[in-house]
Amino acid sequence: MQYSAIDEAFRTGESKQIVYSVNIGDNEHWLITNFSWLLDENGNVFAVLGIARDITRRKKMEEQMFHTEKLASVGTLAAGVAHEINNPLAIILGFTDLTLEKVQKDSEIYETLKTIEKHGTNAKRVVENLLSFTRLSEEKIEDVDINLNINSVLDVTKNTFSLNRVSVSRELSDNLPFIKGSAGELQQVFFNIISNAMSVMKGGGILTVRTRTVDHGQKVETRISDTGCGIKKEHRTKIFDPLFTTKKVGEGTGLGLFVSYGIISKYGGRITFETKTPDESKEHGTTFIITLPAVKRQ
């Protein structure tokens, strides 16, 4: 891209501006470069001057704003159509349940009705998940111990880890400050990310959970890392989108990360990720990074 811009500046004698990303080590940086031509004493272009500026921070802020606006737009839409979807679903499920009581369990009609019930229930769950972040939380907002809630989720899922041959590494910093939020909602976020991590380590792997303070103790950071296949480049801008999933039909709704993004944003935090596929690195996998404001100690 840079070389074509230089060639075009030489050919046309016009300035050119491009925005592009470069990888420096394991980090992605965004640059904006202005290419301007330089003239010799005869008025001919003899060189092109390129001045680049690092706009990584601005780019991340723009992405944050984009996702926040998208959350608000989808929330408004979801709230508007909720009753239009839920009412017919309730009727379908209700009549299905009544009819199931009147037919033989070993009949073909019974199996057909169970299929209707299954997919109707799935549709109902999708709508409920989609709406969950638009409703005002009824859970108590309090000072939350991040380590305590992470341990609770890991303890609940430890049997699943064992069955999937996934080992867990806990690197939780002592004496972390509390954060302000809902313990139930934050556990939902951790559970969503951990469940996704397990789904990409079907043959076994390592789940690493780290906590620490950042920004001179003003924020609490949680990193949840897997050793899975990483996220493909074409999917990276979509993973927080509602209903986007790379899982097979019936295995995921595409709402876990979307809802998680909404919860973390509600409490003034950020959720981002770092990822490497096997084509990009031998140490492939994905790390989700959750940063939340710390409660100031008295």
# chains A, B, ... in the order shown; residues from 1 in each chain; ligands from 1
call {"tool": "closest_atom_pairs", "arguments": {"of": "stretch 252-292 of chain A", "to": "stretch 184-194 of chain A", "cutoff": "9 Å", "atoms": "only C-alpha atoms", "output": "Markdown table"}}
result
| residue | atom | partner | partner_atom | distance |
| --- | --- | --- | --- | --- |
| A:Gly256 | CA | A:Asn192 | CA | 5.5 |
| A:Leu257 | CA | A:Asn192 | CA | 6.9 |
| A:Val259 | CA | A:Val189 | CA | 7.9 |
| A:Ser260 | CA | A:Val189 | CA | 5.0 |
| A:Tyr261 | CA | A:Val189 | CA | 8.3 |
| A:Ile263 | CA | A:Glu185 | CA | 6.9 |
| A:Ile264 | CA | A:Leu186 | CA | 7.8 |
| A:Phe288 | CA | A:Ile193 | CA | 7.6 |
call {"tool": "write_last_selection", "arguments": {"atoms": "N, CA and C atoms", "output": "PDB file, in the first residue's frame"}}
result
ATOM      1  N   GLY A 256     -23.007 -13.950  23.287  1.00  0.00           N
ATOM      2  CA  GLY A 256     -22.192 -13.960  24.498  1.00  0.00           C
ATOM      3  C   GLY A 256     -21.263 -12.773  24.606  1.00  0.00           C
ATOM      4  N   LEU A 257     -20.465 -12.531  23.575  1.00  0.00           N
ATOM      5  CA  LEU A 257     -19.516 -11.421  23.606  1.00  0.00           C
ATOM      6  C   LEU A 257     -20.226 -10.083  23.444  1.00  0.00           C
ATOM      7  N   VAL A 259     -23.249  -9.289  24.597  1.00  0.00           N
ATOM      8  CA  VAL A 259     -23.800  -8.952  25.909  1.00  0.00           C
ATOM      9  C   VAL A 259     -22.675  -8.583  26.874  1.00  0.00           C
ATOM     10  N   SER A 260     -21.566  -9.322  26.812  1.00  0.00           N
ATOM     11  CA  SER A 260     -20.424  -9.032  27.687  1.00  0.00           C
ATOM     12  C   SER A 260     -19.897  -7.629  27.448  1.00  0.00           C
ATOM     13  N   TYR A 261     -19.822  -7.239  26.185  1.00  0.00           N
ATOM     14  CA  TYR A 261     -19.355  -5.889  25.838  1.00  0.00           C
ATOM     15  C   TYR A 261     -20.272  -4.838  26.462  1.00  0.00           C
ATOM     16  N   ILE A 263     -22.182  -5.155  29.154  1.00  0.00           N
ATOM     17  CA  ILE A 263     -22.048  -5.145  30.621  1.00  0.00           C
ATOM     18  C   ILE A 263     -20.806  -4.373  31.043  1.00  0.00           C
ATOM     19  N   ILE A 264     -19.675  -4.677  30.416  1.00  0.00           N
ATOM     20  CA  ILE A 264     -18.427  -4.015  30.787  1.00  0.00           C
ATOM     21  C   ILE A 264     -18.497  -2.516  30.488  1.00  0.00           C
ATOM     22  N   PHE A 288      -8.532 -12.296  26.033  1.00  0.00           N
ATOM     23  CA  PHE A 288      -9.494 -11.219  26.228  1.00  0.00           C
ATOM     24  C   PHE A 288      -9.058 -10.400  27.439  1.00  0.00           C
TER      25      PHE A 288
END
call {"tool": "residues_around", "arguments": {"residues": "stretch 277-285 of chain A", "least_positions_apart": "6", "cutoff": "12 Å", "atoms": "only C-alpha atoms", "output": "PDB file with N, CA and C atoms, in the first residue's frame"}}
result
ATOM      1  N   ASN A  23       2.446  -4.419  12.260  1.00  0.00           N
ATOM      2  CA  ASN A  23       2.701  -5.194  13.465  1.00  0.00           C
ATOM      3  C   ASN A  23       4.115  -4.914  13.955  1.00  0.00           C
ATOM      4  N   GLY A  25       6.393  -6.235  16.858  1.00  0.00           N
ATOM      5  CA  GLY A  25       6.385  -7.282  17.870  1.00  0.00           C
ATOM      6  C   GLY A  25       5.058  -7.999  17.847  1.00  0.00           C
ATOM      7  N   ASP A  26       4.412  -8.087  19.011  1.00  0.00           N
ATOM      8  CA  ASP A  26       3.102  -8.729  19.095  1.00  0.00           C
ATOM      9  C   ASP A  26       1.960  -7.723  19.078  1.00  0.00           C
ATOM     10  N   ASN A 196     -16.261 -19.779  25.664  1.00  0.00           N
ATOM     11  CA  ASN A 196     -15.723 -19.656  24.307  1.00  0.00           C
ATOM     12  C   ASN A 196     -14.322 -20.236  24.221  1.00  0.00           C
ATOM     13  N   ALA A 197     -13.520 -19.992  25.269  1.00  0.00           N
ATOM     14  CA  ALA A 197     -12.153 -20.526  25.278  1.00  0.00           C
ATOM     15  C   ALA A 197     -12.169 -22.048  25.252  1.00  0.00           C
ATOM     16  N   MET A 198     -13.059 -22.652  26.034  1.00  0.00           N
ATOM     17  CA  MET A 198     -13.143 -24.120  26.043  1.00  0.00           C
ATOM     18  C   MET A 198     -13.559 -24.662  24.680  1.00  0.00           C
ATOM     19  N   VAL A 200     -12.793 -23.656  21.778  1.00  0.00           N
ATOM     20  CA  VAL A 200     -11.733 -23.643  20.766  1.00  0.00           C
ATOM     21  C   VAL A 200     -10.541 -24.486  21.200  1.00  0.00           C
ATOM     22  N   MET A 201     -10.670 -25.205  22.321  1.00  0.00           N
ATOM     23  CA  MET A 201      -9.599 -26.095  22.781  1.00  0.00           C
ATOM     24  C   MET A 201     -10.154 -27.503  22.965  1.00  0.00           C
ATOM     25  N   GLY A 205      -5.829 -28.122  26.137  1.00  0.00           N
ATOM     26  CA  GLY A 205      -5.080 -26.870  26.089  1.00  0.00           C
ATOM     27  C   GLY A 205      -4.918 -26.283  27.475  1.00  0.00           C
ATOM     28  N   ILE A 206      -4.562 -25.010  27.518  1.00  0.00           N
ATOM     29  CA  ILE A 206      -4.324 -24.320  28.787  1.00  0.00           C
ATOM     30  C   ILE A 206      -5.140 -23.034  28.816  1.00  0.00           C
ATOM     31  N   LEU A 207      -5.905 -22.865  29.866  1.00  0.00           N
ATOM     32  CA  LEU A 207      -6.618 -21.617  30.109  1.00  0.00           C
ATOM     33  C   LEU A 207      -5.875 -20.879  31.226  1.00  0.00           C
ATOM     34  N   THR A 208      -5.479 -19.658  30.941  1.00  0.00           N
ATOM     35  CA  THR A 208      -4.756 -18.855  31.932  1.00  0.00           C
ATOM     36  C   THR A 208      -5.578 -17.618  32.270  1.00  0.00           C
ATOM     37  N   ILE A 224      -7.913 -13.228  30.208  1.00  0.00           N
ATOM     38  CA  ILE A 224      -8.325 -14.635  30.075  1.00  0.00           C
ATOM     39  C   ILE A 224      -7.772 -15.148  28.751  1.00  0.00           C
ATOM     40  N   SER A 225      -6.812 -16.062  28.831  1.00  0.00           N
ATOM     41  CA  SER A 225      -6.083 -16.519  27.641  1.00  0.00           C
ATOM     42  C   SER A 225      -6.335 -17.999  27.376  1.00  0.00           C
ATOM     43  N   ASP A 226      -6.424 -18.356  26.105  1.00  0.00           N
ATOM     44  CA  ASP A 226      -6.525 -19.759  25.711  1.00  0.00           C
ATOM     45  C   ASP A 226      -5.400 -20.100  24.736  1.00  0.00           C
ATOM     46  N   THR A 227      -5.232 -21.380  24.488  1.00  0.00           N
ATOM     47  CA  THR A 227      -4.223 -21.842  23.526  1.00  0.00           C
ATOM     48  C   THR A 227      -4.918 -22.448  22.307  1.00  0.00           C
ATOM     49  N   GLY A 228      -6.032 -21.851  21.943  1.00  0.00           N
ATOM     50  CA  GLY A 228      -6.804 -22.345  20.800  1.00  0.00           C
ATOM     51  C   GLY A 228      -6.252 -21.859  19.477  1.00  0.00           C
ATOM     52  N   CYS A 229      -7.103 -21.877  18.464  1.00  0.00           N
ATOM     53  CA  CYS A 229      -6.686 -21.582  17.092  1.00  0.00           C
ATOM     54  C   CYS A 229      -6.638 -20.096  16.774  1.00  0.00           C
ATOM     55  N   GLY A 230      -6.993 -19.235  17.731  1.00  0.00           N
ATOM     56  CA  GLY A 230      -6.997 -17.802  17.452  1.00  0.00           C
ATOM     57  C   GLY A 230      -8.206 -17.388  16.623  1.00  0.00           C
ATOM     58  N   ILE A 231      -8.336 -16.095  16.414  1.00  0.00           N
ATOM     59  CA  ILE A 231      -9.455 -15.551  15.641  1.00  0.00           C
ATOM     60  C   ILE A 231      -8.942 -15.128  14.273  1.00  0.00           C
ATOM     61  N   LYS A 232      -9.589 -15.600  13.235  1.00  0.00           N
ATOM     62  CA  LYS A 232      -9.168 -15.253  11.877  1.00  0.00           C
ATOM     63  C   LYS A 232      -9.283 -13.757  11.644  1.00  0.00           C
ATOM     64  N   LYS A 233      -8.418 -13.233  10.788  1.00  0.00           N
ATOM     65  CA  LYS A 233      -8.377 -11.793  10.543  1.00  0.00           C
ATOM     66  C   LYS A 233      -9.718 -11.257  10.064  1.00  0.00           C
ATOM     67  N   GLU A 234     -10.407 -12.017   9.212  1.00  0.00           N
ATOM     68  CA  GLU A 234     -11.672 -11.530   8.657  1.00  0.00           C
ATOM     69  C   GLU A 234     -12.801 -11.501   9.694  1.00  0.00           C
ATOM     70  N   HIS A 235     -12.580 -12.140  10.854  1.00  0.00           N
ATOM     71  CA  HIS A 235     -13.607 -12.170  11.892  1.00  0.00           C
ATOM     72  C   HIS A 235     -13.353 -11.171  13.022  1.00  0.00           C
ATOM     73  N   ARG A 236     -12.175 -10.578  13.061  1.00  0.00           N
ATOM     74  CA  ARG A 236     -11.773  -9.794  14.233  1.00  0.00           C
ATOM     75  C   ARG A 236     -12.591  -8.533  14.443  1.00  0.00           C
TER      76      ARG A 236
END
call {"tool": "closest_residue", "arguments": {"among": "A:Glu171, A:Asp215, A:Glu28, A:Glu41", "to": "A:Ile150", "atoms": "only C-alpha atoms"}}
result
A:Glu171
call {"tool": "residues_around", "arguments": {"residues": "A:Leu98", "least_positions_apart": "6", "cutoff": "12 Å", "atoms": "only C-alpha atoms", "output": "list in words"}}
result
Ile91, Ile92, Tyr110, Leu113, Lys114 and Glu117 of chain A
call {"tool": "residues_around", "arguments": {"residues": "A:Val220", "least_positions_apart": "6", "cutoff": "6 Å", "atoms": "only C-alpha atoms", "output": "mmCIF file with N, CA and C atoms, in the first residue's frame"}}
result
data_model
loop_
_atom_site.group_PDB
_atom_site.id
_atom_site.type_symbol
_atom_site.label_atom_id
_atom_site.label_comp_id
_atom_site.auth_asym_id
_atom_site.auth_seq_id
_atom_site.Cartn_x
_atom_site.Cartn_y
_atom_site.Cartn_z
ATOM 1 N N ARG A 212 -4.568 -8.090 37.762
ATOM 2 C CA ARG A 212 -3.566 -7.158 38.275
ATOM 3 C C ARG A 212 -4.154 -5.748 38.228
ATOM 4 N N THR A 213 -3.459 -4.819 38.858
ATOM 5 C CA THR A 213 -3.841 -3.413 38.742
ATOM 6 C C THR A 213 -3.011 -2.769 37.638
ATOM 7 N N THR A 291 -10.823 -4.386 31.437
ATOM 8 C CA THR A 291 -10.303 -3.344 32.327
ATOM 9 C C THR A 291 -11.470 -2.567 32.926
ATOM 10 N N LEU A 292 -11.489 -2.486 34.253
ATOM 11 C CA LEU A 292 -12.565 -1.791 34.958
ATOM 12 C C LEU A 292 -11.996 -0.805 35.974
ATOM 13 N N ALA A 294 -11.109 0.967 39.300
ATOM 14 C CA ALA A 294 -11.011 0.487 40.685
ATOM 15 C C ALA A 294 -11.722 1.443 41.620
#
call {"tool": "select_by_dssp", "arguments": {"residues": "stretch 147-213 of chain A", "states": "helix (DSSP H, G or I)", "output": "PyMOL selection string"}}
result
chain A and resi 147-163+183-199
call {"tool": "closest_residue", "arguments": {"among": "A:Ala47, A:Val144, A:Leu154, A:Val103", "to": "A:Pro293", "atoms": "only C-alpha atoms"}}
result
A:Val144
call {"tool": "atom_distance", "arguments": {"atom1": "atom CA of A:Leu148", "atom2": "atom CA of A:Val209"}}
result
12.6 Å
call {"tool": "closest_residue", "arguments": {"among": "A:Ile116, A:Ile85, A:Ile179, A:Ile239", "to": "A:Lys219", "atoms": "only C-alpha atoms"}}
result
A:Ile179
call {"tool": "atom_distance", "arguments": {"atom1": "atom CA of A:Gln17", "atom2": "atom CA of A:Ala52"}}
result
9.6 Å
call {"tool": "closest_residue", "arguments": {"among": "A:Glu221, A:Thr245, A:Ser195, A:Asp143", "to": "A:Ser173", "atoms": "only C-alpha atoms"}}
result
A:Glu221
call {"tool": "decode", "arguments": {"residues": "stretch 196-267 of chain A", "atoms": "C-alpha atoms", "output": "compact mmCIF listing (two decimals), in the first residue's frame"}}
result
# COMPACT_ATOMS: atom_id res chain seq x y z
CA ASN A 196 -15.72 -19.66 24.31
CA ALA A 197 -12.15 -20.53 25.28
CA MET A 198 -13.14 -24.12 26.04
CA SER A 199 -14.94 -24.42 22.72
CA VAL A 200 -11.73 -23.64 20.77
CA MET A 201 -9.60 -26.10 22.78
CA LYS A 202 -11.49 -29.30 22.01
CA GLY A 203 -8.32 -31.39 21.92
CA GLY A 204 -7.03 -29.96 25.18
CA GLY A 205 -5.08 -26.87 26.09
CA ILE A 206 -4.32 -24.32 28.79
CA LEU A 207 -6.62 -21.62 30.11
CA THR A 208 -4.76 -18.85 31.93
CA VAL A 209 -6.53 -16.24 34.03
CA ARG A 210 -4.54 -13.27 35.30
CA THR A 211 -5.56 -10.25 37.35
CA ARG A 212 -3.57 -7.16 38.27
CA THR A 213 -3.84 -3.41 38.74
CA VAL A 214 -2.89 -1.03 35.93
CA ASP A 215 -2.68 2.74 35.48
CA HIS A 216 -1.03 3.19 38.88
CA GLY A 217 -3.74 1.22 40.66
CA GLN A 218 -6.63 3.16 39.16
CA LYS A 219 -7.93 0.18 37.18
CA VAL A 220 -8.23 -3.58 37.57
CA GLU A 221 -7.27 -5.70 34.57
CA THR A 222 -8.37 -9.27 33.94
CA ARG A 223 -6.75 -11.34 31.18
CA ILE A 224 -8.33 -14.63 30.08
CA SER A 225 -6.08 -16.52 27.64
CA ASP A 226 -6.52 -19.76 25.71
CA THR A 227 -4.22 -21.84 23.53
CA GLY A 228 -6.80 -22.35 20.80
CA CYS A 229 -6.69 -21.58 17.09
CA GLY A 230 -7.00 -17.80 17.45
CA ILE A 231 -9.46 -15.55 15.64
CA LYS A 232 -9.17 -15.25 11.88
CA LYS A 233 -8.38 -11.79 10.54
CA GLU A 234 -11.67 -11.53 8.66
CA HIS A 235 -13.61 -12.17 11.89
CA ARG A 236 -11.77 -9.79 14.23
CA THR A 237 -13.89 -6.72 13.54
CA LYS A 238 -17.12 -8.69 14.00
CA ILE A 239 -16.74 -10.70 17.20
CA PHE A 240 -18.62 -8.17 19.36
CA ASP A 241 -21.43 -7.87 16.79
CA PRO A 242 -24.82 -9.28 17.82
CA LEU A 243 -25.65 -12.72 16.39
CA PHE A 244 -22.16 -13.17 14.90
CA THR A 245 -20.71 -16.60 15.68
CA THR A 246 -18.19 -18.98 14.16
CA LYS A 247 -19.75 -21.95 15.96
CA LYS A 248 -21.88 -24.56 14.23
CA VAL A 249 -25.64 -24.09 14.03
CA GLY A 250 -27.17 -24.91 17.39
CA GLU A 251 -23.91 -24.51 19.34
CA GLY A 252 -23.98 -20.75 19.87
CA THR A 253 -26.26 -17.73 19.56
CA GLY A 254 -23.59 -15.13 18.80
CA LEU A 255 -24.70 -13.04 21.78
CA GLY A 256 -22.19 -13.96 24.50
CA LEU A 257 -19.52 -11.42 23.61
CA PHE A 258 -22.08 -8.86 22.51
CA VAL A 259 -23.80 -8.95 25.91
CA SER A 260 -20.42 -9.03 27.69
CA TYR A 261 -19.35 -5.89 25.84
CA GLY A 262 -22.52 -4.15 26.96
CA ILE A 263 -22.05 -5.15 30.62
CA ILE A 264 -18.43 -4.02 30.79
CA SER A 265 -19.23 -0.73 29.01
CA LYS A 266 -22.06 -0.09 31.47
CA TYR A 267 -19.59 -0.08 34.35
